[in-house]
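Take a look at the structure below.
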Amino acid sequence: MNYDEEILAGVQWRETGSQPEGDLPYATHEGMFEILGSKLRCYRLNTGQAIIHGDDLAAFLQIPDADPETVDGKGLEKAA
């Protein structure tokens, strides 16, 4: 089992019931997992790949107590 599979091993997957037309990957299952007290939505695609909802991942990665003097408008540390 690789690291990605290990993280998502505890997810309770539910079928989405969607099957859109076309060649683009789509979510066949959805679920949620908790990491460090945050809940992140995740999806299993028809390709077998698992992905995390972008909004949840962005919120999880933010540093809530960042000093505005050391962080630029994009949430990145300013060069010294």
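The way I read the labels, and the way they are meant: chains A, B, ... in the order of the structure tokens, residue 1 as the first residue of every chain, and ligand 1 as the first ligand shown, with later ones counted on from there.
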| query | Which neighbours of Arg44 (chain A) fall inside 7 Å, counting only C-alpha atoms, when residues of the same chain fewer than 3 positions from it are skipped, and could you give them as a VMD selection string? | reply | chain A and resid 27 to 30 48 to 51
| message | Under the rule that only C-alpha atoms are counted, which of A:Ala59, A:Ile52, A:Cys42, A:Leu36 is the nearest residue to Val11 (chain A)? | response |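 Nearest candidate to Val11 (chain A) out of A:Ala59, A:Ile52, A:Cys42, A:Leu36: A:Cys42.
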| said: Using DSSP assignments from the backbone, pull out every residue in region 14-65 of chain A that falls under helix (DSSP H, G or I) and give it to me as a PyMOL selection string. | reply: chain A and resi 54-61
| message | Quick one: residues within 10 Å of Asp55 (chain A), only C-alpha atoms, excluding same-chain residues fewer than 5 positions away - as a list in words? | response |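 With the cut-off at 10 Å, the set is Leu40, Arg41 and Phe60 of chain A.
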Any chance you can output those residues with C-alpha atoms as a compact mmCIF listing (two decimals), in the first residue's frame?
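Saved file out.txt follows:
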# COMPACT_ATOMS: atom_id res chain seq x y z
CA LEU A 40 -11.46 17.23 3.58
CA ARG A 41 -13.81 16.07 0.83
CA PHE A 60 -6.18 23.20 5.14
| query | Looking at A:Tyr3, A:Leu57, A:Trp13, A:Ser18, which one is nearest to Ser38 (chain A), with distances taken over only C-alpha atoms? | reply |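 Looking at the shortest contact to Ser38 (chain A), the residue is A:Leu57.
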| request: Please measure the separation of CA of Pro25 (chain A) and CA of Leu45 (chain A), giving the value in Å to one decimal. | output: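 Distance between the two atoms: 6.2 Å.
Remark: for Thr47 (chain A), the closest of the candidate residues A:Leu8, A:Arg14, A:Gln62, A:Leu24 is A:Leu24 (distances computed over only C-alpha atoms).
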